[in-house]
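Chemist: I have a structure I would like to understand better, so I am pasting it below and will then ask my questions one at a time.
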Amino acid sequence: MKLIDAVAAAFSVFSRIPVPRALLERVDWDGGSALAGFPAVGVVQGLTMAAWTMLAGALGVPPLVEGAVLTAMPLVVNGGIHLDGLCDTADALASYADRTHRLEIMKDPRAGAFGVMAVGCYLLLFFSLAASWRPGVLQAVALVPLFAFSRALSGVAVACWPKARPEGMAASLAGGADAAASVRRALTVQAVVFAVLLIGVGGWVGAVAVAVGLVGFAWYRHMAFGLFGGVTGDLAGWFVQWDELAMVAVIVLLGGIS
């Protein structure tokens, strides 16, 4: 699996950033390329958000405006694909139905009341953190490994855990059996690398963020297995959003408020 192919596939699936057609035509879509390159989307998202925080600080942008733009930037980069998963999962969890019905609710393209409320709460929480943040350079740069780390963990789950729906998006992203081992290995290595980078950049605050991210990963496994029988694409998006919100909260509350 070539790095450039994995990155191109990941950006075509998980972002709104255009990818040249010539790159996509050579991607082995059955080889799990998009999943293996998933953390690269987090790197770009983290870079754009870090650049904005430093630019806004240099220009004296009002905190509320800075926070609003910072909240909207992930949606511009990834198109809201993970927030859609959060919405669908919230509707399924709020139904208190059996496993089969929960999975059917998640497949419904319509947003329910509980999903809308969950998205509203998520955006409000993220905005409150972003509007309170006054980062130094290293704290802003910590966003880069943070957003990559959450996606590496999500990718590991999709690659390694049973799928709640054999025909769903998670199963298709995991790739064929021949590629599964290499995809799992690539994502595990990336998760370790980005965790080390987050600790290296953020110090003890980064270490706490990594620990919180891993606790969220353990809870995600417990919830996915217990309530859904495995992972789905929507659950993967739900995890990415809440796990990175928890890690951002650690970075902001322990090290970034003026």
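Ordered as shown in the structure tokens, chains take letters A, B, and onward, while each chain numbers its residues from 1 and ligands are numbered from 1 in the order shown.
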Skip stretch 157-172 of chain A itself and residues of its chain fewer than 6 positions away, then list as a PyMOL selection string all residues within 9 Å of it, counting only C-alpha atoms.
Modeler: chain A and resi 29-30+32+35+103+180-181+183-184+187+217+221+224-225+228-234+236
Chemist: Smallest atom-to-atom distance to A:Leu173: which of A:Asp5, A:Ala50, A:Ser33, A:Ser15, using only C-alpha atoms?
Modeler: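 Looking only at the distances to A:Leu173, the closest residue turns out to be A:Ser33.
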Chemist: Find the residues of stretch 25-75 of chain A that sit at most 12 Å from stretch 82-98 of chain A; for each, write down the nearest two atoms and how far apart they are in Å, to one decimal. Count only C-alpha atoms. Sort by chain, then by number going up, and give it as a tab-separated table.
Modeler:
residue	atom	partner	partner_atom	distance
A:Gly42	CA	A:His82	CA	11.9
A:Ala72	CA	A:Leu83	CA	11.7
A:Pro74	CA	A:His82	CA	9.7
A:Leu75	CA	A:Leu83	CA	8.4
Chemist: Can you tell me, as a PyMOL selection string, which residues in stretch 4-218 of chain A count as alpha helix (DSSP H) by DSSP?
Modeler: chain A and resi 4-14+21-24+33-36+38-59+63-78+81-95+99-107+113-132+137-141+143-160+169-174+177-218
Chemist: Near stretch 195-201 of chain A, within 10 Å and counting only C-alpha atoms, which residues show up once chain neighbours fewer than 5 positions away are dropped, as a list in words?
Modeler: Val137, Leu138, Gln139, Ala140, Val141, Ala142, Leu143, Val144, Pro145, Leu146, Phe147, Ala148, Phe149, Ser150, Ala152, Val189, Gln190, Gly206, Ala207, Val208, Ala209, Val210, Ala211, Gly213 and Leu214 of chain A
Chemist: In Å, with one decimal, what is the gap from atom CA of A:Gly37 to atom CA of A:Trp52?
Modeler: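 Separating atom CA of A:Gly37 from atom CA of A:Trp52 is a distance of 24.1 Å.
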